[in-house]
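File shown here: run31.txt, holding compact mmCIF, C-alpha atoms and all ligand atoms.
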# COMPACT_ATOMS: atom_id res chain seq x y z
CA MET A 1 63.70 32.98 -27.12
CA GLU A 2 63.80 30.45 -29.95
CA VAL A 3 62.44 27.80 -27.68
CA THR A 4 59.44 30.00 -26.89
CA VAL A 5 58.75 30.55 -30.57
CA ILE A 6 58.98 26.85 -31.36
CA LEU A 7 56.78 26.06 -28.40
CA SER A 8 54.09 28.52 -29.38
CA VAL A 9 54.15 27.27 -32.98
CA LEU A 10 53.72 23.73 -31.69
CA LEU A 11 50.88 24.76 -29.41
CA TRP A 12 49.19 26.60 -32.24
CA PHE A 13 49.37 23.47 -34.41
CA ALA A 14 48.09 21.32 -31.60
CA ALA A 15 45.13 23.66 -31.11
CA HIS A 16 44.22 23.95 -34.77
CA PHE A 17 44.82 20.59 -36.31
CA ARG A 18 43.67 18.02 -33.81
CA PHE A 19 40.12 18.49 -34.88
CA SER A 20 38.63 15.50 -33.12
CA GLU A 21 39.72 16.95 -29.80
CA GLY A 22 38.59 20.37 -30.88
CA TYR A 23 35.14 18.98 -31.61
CA GLY A 24 35.15 17.11 -28.32
CA ARG A 25 35.54 20.23 -26.29
CA VAL A 26 32.55 21.91 -27.87
CA VAL A 27 30.47 18.81 -28.19
CA ARG A 28 30.64 18.00 -24.49
CA ASP A 29 28.03 20.69 -23.80
CA VAL A 30 25.50 19.29 -26.25
CA ARG A 31 26.20 15.61 -25.61
CA LEU A 32 23.29 13.53 -24.42
CA GLN A 33 23.65 12.78 -20.70
CA SER A 34 23.72 9.33 -19.15
CA LYS A 35 20.39 10.00 -17.49
CA ASP A 36 18.96 10.20 -21.02
CA SER A 37 20.22 6.78 -21.96
CA ASN A 38 16.72 5.38 -22.33
CA ARG A 39 15.28 8.33 -24.19
CA LEU A 40 16.76 7.25 -27.49
CA THR A 41 18.30 4.34 -29.36
CA ILE A 42 19.88 4.99 -32.73
CA THR A 43 21.05 2.22 -35.05
CA VAL A 44 23.25 2.83 -38.06
CA LYS A 45 23.39 0.26 -40.81
CA THR A 46 26.83 -0.11 -42.36
CA THR A 47 29.01 -2.71 -44.06
CA SER A 48 32.72 -3.60 -43.79
CA LYS A 49 33.46 -1.84 -47.06
CA PHE A 50 32.58 1.49 -45.43
CA HIS A 51 34.17 1.05 -41.98
CA GLU A 52 37.17 3.23 -42.81
CA SER A 53 35.20 5.89 -44.63
CA ARG A 54 31.53 6.44 -43.80
CA ALA A 55 31.53 4.78 -40.37
CA ARG A 56 34.72 6.62 -39.45
CA ASP A 57 33.17 9.95 -40.48
CA ILE A 58 30.24 9.31 -38.14
CA ALA A 59 32.44 8.05 -35.29
CA ASP A 60 34.39 11.31 -35.44
CA THR A 61 31.38 13.57 -35.73
CA TRP A 62 27.75 13.03 -34.74
CA PHE A 63 28.37 9.78 -32.85
CA GLN A 64 30.04 12.08 -30.29
CA LEU A 65 26.68 13.72 -29.61
CA ALA A 66 25.24 10.55 -28.05
CA PRO A 67 27.90 7.82 -27.78
CA GLU A 68 25.85 5.80 -25.32
CA ASN A 69 22.79 5.75 -27.54
CA ILE A 70 24.18 4.91 -30.98
CA PHE A 71 24.89 1.38 -32.25
CA PHE A 72 26.36 0.29 -35.59
CA PHE A 73 25.18 -2.84 -37.38
CA THR A 74 27.67 -4.42 -39.74
CA ASP A 75 28.82 -7.72 -41.25
CA SER A 76 32.33 -8.26 -39.86
CA PHE A 77 34.48 -7.80 -36.75
CA ASP A 78 36.62 -4.68 -36.58
CA ASP A 79 38.42 -4.00 -33.31
CA LYS A 80 39.68 -0.60 -34.35
CA LEU A 81 36.29 0.81 -35.31
CA ASN A 82 34.65 -0.94 -32.38
CA LYS A 83 37.05 0.78 -30.02
CA SER A 84 36.19 4.23 -31.35
CA LEU A 85 32.52 3.32 -30.95
CA GLY A 86 32.95 2.28 -27.33
CA GLY A 87 32.11 -1.34 -28.18
CA HIS A 88 28.91 -0.38 -30.00
CA LEU A 89 29.77 -2.23 -33.23
CA ILE A 90 27.52 -5.23 -33.75
CA ASN A 91 28.34 -7.97 -36.21
CA THR A 92 24.95 -9.23 -37.33
CA GLY A 93 26.36 -12.33 -39.00
CA CYS A 94 23.96 -11.62 -41.86
CA GLY A 95 26.71 -11.78 -44.49
CA LYS A 96 28.16 -9.12 -46.71
CA GLY A 97 26.55 -7.40 -49.63
CA HIS A 98 23.36 -5.67 -50.49
CA SER A 99 21.03 -8.51 -51.31
CA ARG A 100 17.48 -8.06 -50.12
CA ASP A 101 17.61 -10.95 -47.65
CA ARG A 102 20.85 -9.73 -46.09
CA LEU A 103 19.53 -6.22 -45.65
CA ASN A 104 16.32 -7.54 -44.13
CA CYS A 105 18.39 -9.71 -41.79
CA LYS A 106 20.35 -6.61 -40.71
CA THR A 107 17.19 -4.60 -40.20
CA ASN A 108 15.83 -7.47 -38.14
CA ALA A 109 18.93 -7.19 -35.93
CA GLU A 110 18.34 -3.44 -35.54
CA LEU A 111 14.71 -4.07 -34.61
CA ASP A 112 15.83 -6.72 -32.11
CA LEU A 113 17.88 -4.05 -30.34
CA PHE A 114 14.88 -1.69 -30.41
CA THR A 115 12.69 -4.31 -28.73
CA GLN A 116 15.39 -5.14 -26.16
CA ARG A 117 16.18 -1.57 -25.17
CA LEU A 118 12.62 -0.25 -25.40
CA SER A 119 13.74 3.35 -25.20
CA ASP A 120 11.25 6.19 -25.63
CA TRP A 121 12.35 6.50 -29.26
CA ALA A 122 14.16 4.16 -31.63
CA CYS A 123 15.60 5.46 -34.88
CA HIS A 124 17.36 3.83 -37.80
CA PHE A 125 19.80 5.67 -40.07
CA ASP A 126 22.19 4.71 -42.85
CA ASP A 127 25.95 5.20 -42.81
CA ASP A 128 25.67 8.05 -45.31
CA ASN A 129 23.47 10.08 -42.96
CA TYR A 130 24.53 12.95 -40.74
CA VAL A 131 22.17 13.13 -37.76
CA ASN A 132 21.78 16.19 -35.60
CA VAL A 133 20.85 14.31 -32.44
CA LYS A 134 19.92 17.51 -30.65
CA THR A 135 17.39 18.51 -33.30
CA LEU A 136 16.19 14.93 -33.56
CA LEU A 137 15.27 14.92 -29.86
CA ASN A 138 13.59 18.31 -30.14
CA VAL A 139 11.47 17.01 -33.00
CA LEU A 140 10.62 13.75 -31.24
CA ASP A 141 9.61 15.68 -28.13
CA LEU A 142 6.70 17.07 -30.14
CA TYR A 143 5.19 13.57 -30.09
CA ASP A 144 4.16 11.26 -27.27
CA HIS A 145 6.23 8.07 -27.17
CA ASN A 146 3.39 6.31 -25.35
CA GLN A 147 1.35 6.59 -28.54
CA ASP A 148 2.14 4.80 -31.80
CA TRP A 149 4.37 6.89 -34.04
CA TYR A 150 6.12 5.98 -37.29
CA ILE A 151 8.04 9.05 -38.43
CA GLY A 152 10.23 9.66 -41.47
CA LYS A 153 10.18 10.83 -45.04
CA SER A 154 7.86 9.17 -47.48
CA SER A 155 9.80 7.37 -50.16
CA THR A 156 7.28 7.64 -52.96
CA GLN A 157 4.71 10.14 -54.25
CA ARG A 158 2.01 7.51 -54.08
CA PRO A 159 1.37 4.62 -51.69
CA VAL A 160 2.77 1.20 -52.58
CA GLU A 161 0.31 -1.30 -53.98
CA LEU A 162 1.03 -4.91 -53.25
CA ASP A 163 -0.80 -7.98 -54.51
CA THR A 164 -1.08 -10.58 -51.81
CA LYS A 165 -3.01 -13.83 -51.41
CA ASN A 166 -5.67 -11.83 -49.59
CA GLY A 167 -5.99 -9.22 -52.29
CA LYS A 168 -4.42 -5.87 -52.94
CA VAL A 169 -2.93 -3.93 -50.04
CA THR A 170 -1.92 -0.27 -50.15
CA PHE A 171 0.45 1.46 -47.75
CA TRP A 172 2.99 4.27 -47.36
CA PHE A 173 6.54 3.73 -46.19
CA ALA A 174 9.41 5.88 -44.96
CA THR A 175 12.64 5.73 -46.92
CA GLY A 176 15.46 4.12 -44.92
CA GLY A 177 17.99 6.49 -46.46
CA ALA A 178 16.54 9.53 -44.66
CA GLY A 179 16.09 7.81 -41.30
CA ILE A 180 13.06 6.31 -39.56
CA CYS A 181 11.88 6.80 -35.97
CA LEU A 182 9.50 4.65 -33.96
CA SER A 183 7.93 5.34 -30.59
CA ARG A 184 8.23 2.91 -27.72
CA ALA A 185 4.53 2.03 -27.87
CA LEU A 186 4.89 1.04 -31.52
CA VAL A 187 8.12 -0.92 -30.99
CA ARG A 188 6.35 -2.90 -28.27
CA LYS A 189 3.61 -3.86 -30.70
CA MET A 190 6.18 -4.93 -33.29
CA THR A 191 7.95 -7.34 -30.96
CA LYS A 192 6.07 -10.48 -31.95
CA TYR A 193 6.68 -9.86 -35.66
CA VAL A 194 10.38 -9.19 -35.13
CA ALA A 195 11.29 -11.99 -32.70
CA ASN A 196 13.18 -15.05 -33.98
CA GLY A 197 14.00 -13.52 -37.33
CA GLY A 198 10.33 -12.95 -38.05
CA PHE A 199 10.93 -9.70 -39.91
CA ALA A 200 13.51 -11.25 -42.28
CA LYS A 201 11.21 -14.22 -42.89
CA MET A 202 8.33 -11.91 -43.76
CA GLY A 203 10.69 -10.16 -46.19
CA SER A 204 11.62 -13.34 -48.06
CA TYR A 205 8.00 -14.35 -48.20
CA LEU A 206 6.78 -11.02 -49.60
CA SER A 207 9.97 -10.19 -51.58
CA LEU A 208 10.11 -6.68 -50.17
CA PRO A 209 13.18 -4.53 -49.41
CA ASP A 210 13.75 -3.52 -45.78
CA ASP A 211 12.18 -0.07 -45.61
CA MET A 212 9.15 -1.07 -47.68
CA LEU A 213 8.74 -4.16 -45.52
CA LEU A 214 8.81 -1.98 -42.40
CA GLY A 215 6.06 0.13 -43.98
CA TYR A 216 4.05 -2.99 -44.72
CA LEU A 217 4.38 -4.20 -41.13
CA ILE A 218 3.64 -0.85 -39.51
CA SER A 219 1.13 0.82 -41.83
CA HIS A 220 -0.66 -2.26 -43.08
CA LYS A 221 -0.44 -4.92 -40.38
CA LEU A 222 -0.44 -2.60 -37.36
CA SER A 223 -2.49 0.19 -38.97
CA VAL A 224 -0.16 2.94 -37.82
CA SER A 225 0.19 5.46 -40.61
CA LEU A 226 3.38 7.22 -41.56
CA THR A 227 3.94 10.71 -40.21
CA THR A 228 6.03 12.57 -42.75
CA ASP A 229 8.62 15.02 -41.51
CA ASN A 230 10.53 17.09 -44.05
CA ARG A 231 13.45 17.59 -41.74
CA PHE A 232 14.66 14.08 -42.67
CA HIS A 233 16.82 14.07 -45.83
CA SER A 234 18.32 11.33 -47.97
CA HIS A 235 20.86 11.55 -50.78
CA PHE A 236 17.99 11.39 -53.27
CA GLU A 237 17.44 15.11 -52.71
CA ASP A 238 19.62 17.95 -53.88
CA LEU A 239 21.24 18.66 -50.51
CA ALA A 240 22.87 21.91 -51.58
CA LEU A 241 19.38 23.44 -51.88
CA ILE A 242 19.00 23.46 -48.10
CA ASP A 243 19.83 26.92 -46.88
CA ARG A 244 23.02 27.02 -44.85
CA PHE A 245 21.25 28.78 -42.03
CA GLU A 246 18.47 26.20 -41.91
CA LEU A 247 20.82 23.24 -41.60
CA ALA A 248 20.68 23.31 -37.80
CA GLU A 249 16.92 22.66 -37.95
CA GLN A 250 17.30 19.50 -40.02
CA VAL A 251 17.15 16.10 -38.34
CA SER A 252 19.17 14.17 -40.90
CA LEU A 253 21.32 15.09 -43.87
CA SER A 254 23.23 12.96 -46.28
CA ALA A 255 25.84 12.86 -49.01
CA GLY A 256 26.45 10.99 -52.22
CA SER A 257 25.07 11.01 -55.68
CA TYR A 258 21.44 10.74 -56.61
CA ASP A 259 22.76 10.78 -60.12
CA LYS A 260 26.21 9.49 -61.13
CA GLN A 261 27.18 12.88 -62.55
CA VAL A 262 26.38 14.88 -59.47
CA HIS A 263 28.47 15.29 -56.34
CA ASN A 264 25.68 15.83 -53.85
CA LEU A 265 26.88 17.60 -50.70
CA VAL A 266 25.46 19.98 -48.11
CA ASP A 267 26.32 23.64 -48.52
CA VAL A 268 28.56 24.63 -45.61
CA PRO A 269 31.90 26.41 -45.41
CA VAL A 270 34.50 23.83 -46.40
CA ALA A 271 36.71 23.44 -43.34
CA PHE A 272 38.37 20.12 -44.23
CA SER A 273 39.89 18.99 -47.48
CA THR A 274 37.89 16.64 -49.69
CA GLU A 275 40.40 13.82 -49.11
CA ILE A 276 39.62 13.63 -45.42
CA ASP A 277 36.03 14.84 -45.69
CA LYS A 278 34.47 13.24 -48.74
CA GLN A 279 30.91 13.51 -47.43
CA ARG A 280 31.58 16.96 -45.93
CA PHE A 281 30.24 15.76 -42.57
CA ARG A 282 33.31 17.03 -40.71
CA SER A 283 32.79 20.51 -42.07
CA LEU A 284 29.08 20.28 -41.31
CA HIS A 285 29.70 19.09 -37.77
CA CYS A 286 32.13 21.91 -37.21
CA PHE A 287 29.69 24.42 -38.69
CA LEU A 288 26.87 23.24 -36.42
CA PHE A 289 28.69 22.62 -33.17
CA SER A 290 32.00 24.40 -33.06
CA LYS A 291 32.69 28.04 -32.54
CA ARG A 292 35.87 27.87 -34.54
CA CYS A 293 36.52 25.69 -37.57
CA PRO A 294 39.76 25.34 -39.49
CA ASP A 295 39.83 27.67 -42.44
CA ILE A 296 40.77 25.78 -45.57
CA VAL A 297 39.27 27.58 -48.54
C1 LIG A 301 32.65 -4.83 -30.10
O1 LIG A 301 32.98 -4.85 -28.74
C2 LIG A 301 31.98 -5.43 -27.92
C3 LIG A 301 32.35 -5.20 -26.46
O2 LIG A 301 33.67 -5.55 -26.22
C4 LIG A 301 31.83 -6.89 -28.30
O3 LIG A 301 30.83 -7.49 -27.52
C5 LIG A 301 31.46 -6.97 -29.78
O4 LIG A 301 31.36 -8.31 -30.22
C6 LIG A 301 32.47 -6.24 -30.66
N1 LIG A 301 31.95 -6.17 -32.01
C7 LIG A 301 32.63 -6.32 -33.16
C8 LIG A 301 31.84 -6.33 -34.41
O5 LIG A 301 33.84 -6.45 -33.22

Here is the file; what I need is its structure written in the form of structure tokens.
Amino acid sequence: MEVTVILSVLLWFAAHFRFSEGYGRVVRDVRLQSKDSNRLTITVKTTSKFHESRARDIADTWFQLAPENIFFFTDSFDDKLNKSLGGHLINTGCGKGHSRDRLNCKTNAELDLFTQRLSDWACHFDDDNYVNVKTLLNVLDLYDHNQDWYIGKSSTQRPVELDTKNGKVTFWFATGGAGICLSRALVRKMTKYVANGGFAKMGSYLSLPDDMLLGYLISHKLSVSLTTDNRFHSHFEDLALIDRFELAEQVSLSAGSYDKQVHNLVDVPVAFSTEIDKQRFRSLHCFLFSKRCPDIV
């Protein structure tokens, strides 16, 4: 009798608290199939400082939606993280830190993977993004990857004006913090500018940060204008304003402060404590993809 009680208590705990397995069971149905391996390449830019926090949050949540298609770009080796990412952790060798040249070097490495894989779609995200890969593919399916497409959220209200040797140039760019997607046709055209560190070199020459530089290359040099999609979100927006029941339609979400005073998080039922779910991505993932989430509040 007692043994049965203890056993059922143990089973109950096993069922409720091993959330990564719990996710896994649900997520299997929505996971991208191997046959779709060349439909999409996603790169996530991170840094060693965030391996145990932001990168871990992604590895446990939305990475599971397309583990064969998602690659992390960082600045150190990390066997533990690499293992949970199925060997998809790439040390760019660009060096640590957030200097402009290092970030451009990392973006160059991401673009190198885009040009190597030449999948239908190539998307960049940051390590503080939550990406609903299912919605992302539905959105991208509205466009033809054999045409040139540069899709994301415009970073500024007005186009950037840049003084160059050949006069003033004006262009729009998509903010890296909300995610950026490029069609295969466009990636193919970018190859010669990206090869041999060409993108990073262009960045040092023009003194532009990575996402603006990408805008310069695509909108100005290749004359492909930015297509703005409001389903991409960065931490510069008030994320709690997105209606809970519209979250499933969003391509990317984020977390973090746009202002030091504000804790900027998506509005979902809180299923995991703040200590283990600082960005609330675990709760969000559960809300979007699981029929049953732990009940904490
Ligand atoms: C991750 O694992 C892959 C495959 O074993 C390896 O090629 C790569 O160098 C590793 N990356 C890091 C950053 O540890």

Contacts with ligand LIG 301 (chain A) at most 6 Å, all atoms listed in the file counted, listed as JSON, numbers by chain: {"A": [76, 77, 78, 79, 82, 87, 88, 89, 90, 91]}

Nearest candidate to Asn264 of chain A (options A:Leu247, A:Leu239, A:Ile70, A:Cys293; using only C-alpha atoms): A:Leu239

From A:Ser207, A:Gln33, A:Asn196, A:Thr107, residue lying nearest Leu65 of chain A [only C-alpha atoms]: A:Gln33

Near-Asn138 of chain A list (10 Å; all atoms listed in the file; drop same-chain fewer than 5 positions) as a PyMOL selection string: chain A and resi 133+143+249+251

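For the pair atom CA of Leu206 of chain A and atom CA of Arg102 of chain A, the interatomic distance is 14.6 Å.
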
Gap from atom CA of Asn69 of chain A to atom CA of Thr47 of chain A - Å, one decimal: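 Rounded to one decimal, the two atoms are 19.6 Å apart.
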
Ref. answer, residues at most 8 Å from (23.5, 14.2, -37.3) with only C-alpha atoms, as a PyMOL selection string: chain A and resi 62-63+129-133+251-253+285

Who sits within 8 Å of segment 219-235 of chain A, all atoms listed in the file, same chain under 6 positions skipped, as a list of chain:residue names: A:Asn129, A:Asp148, A:Trp149, A:Tyr150, A:Ile151, A:Gly152, A:Lys153, A:Ser154, A:Val169, A:Thr170, A:Phe171, A:Trp172, A:Phe173, A:Ala174, A:Gly177, A:Ala178, A:Gly179, A:Lys189, A:Glu249, A:Gln250, A:Val251, A:Ser252, A:Leu253, A:Ser254, A:Ala255, A:Gly256, A:Ser257, A:Tyr258, A:Asn264

Centre and edge lengths, as JSON, for the axis-aligned box enclosing every listed atom of segment 264-280 of chain A with 4 Å of padding on each of the six sides, in Å to one decimal?
{"center_x": 32.9, "center_y": 19.8, "center_z": -48.6, "size_x": 22.9, "size_y": 21.2, "size_z": 18.5}

Nearest-residue call for Arg117 of chain A, choices A:Gly176, A:Tyr216, A:Thr191, A:Lys134, using only C-alpha atoms: A:Thr191

Selection near Asp144 of chain A, 10 Å with only C-alpha atoms, sequence-local residues under 5 positions removed, as a list of chain:residue names: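 Once the nearby chain positions are removed, what remains is A:Asp120, A:Trp121, A:Trp149, A:Ser183, A:Arg184, A:Ala185.
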
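Comparing the minimum interatomic distances between Ala122 of chain A and each of A:Cys94, A:Ile58, A:Leu213, A:Val44, counting all atoms listed in the file, we find that A:Val44 sits nearest.
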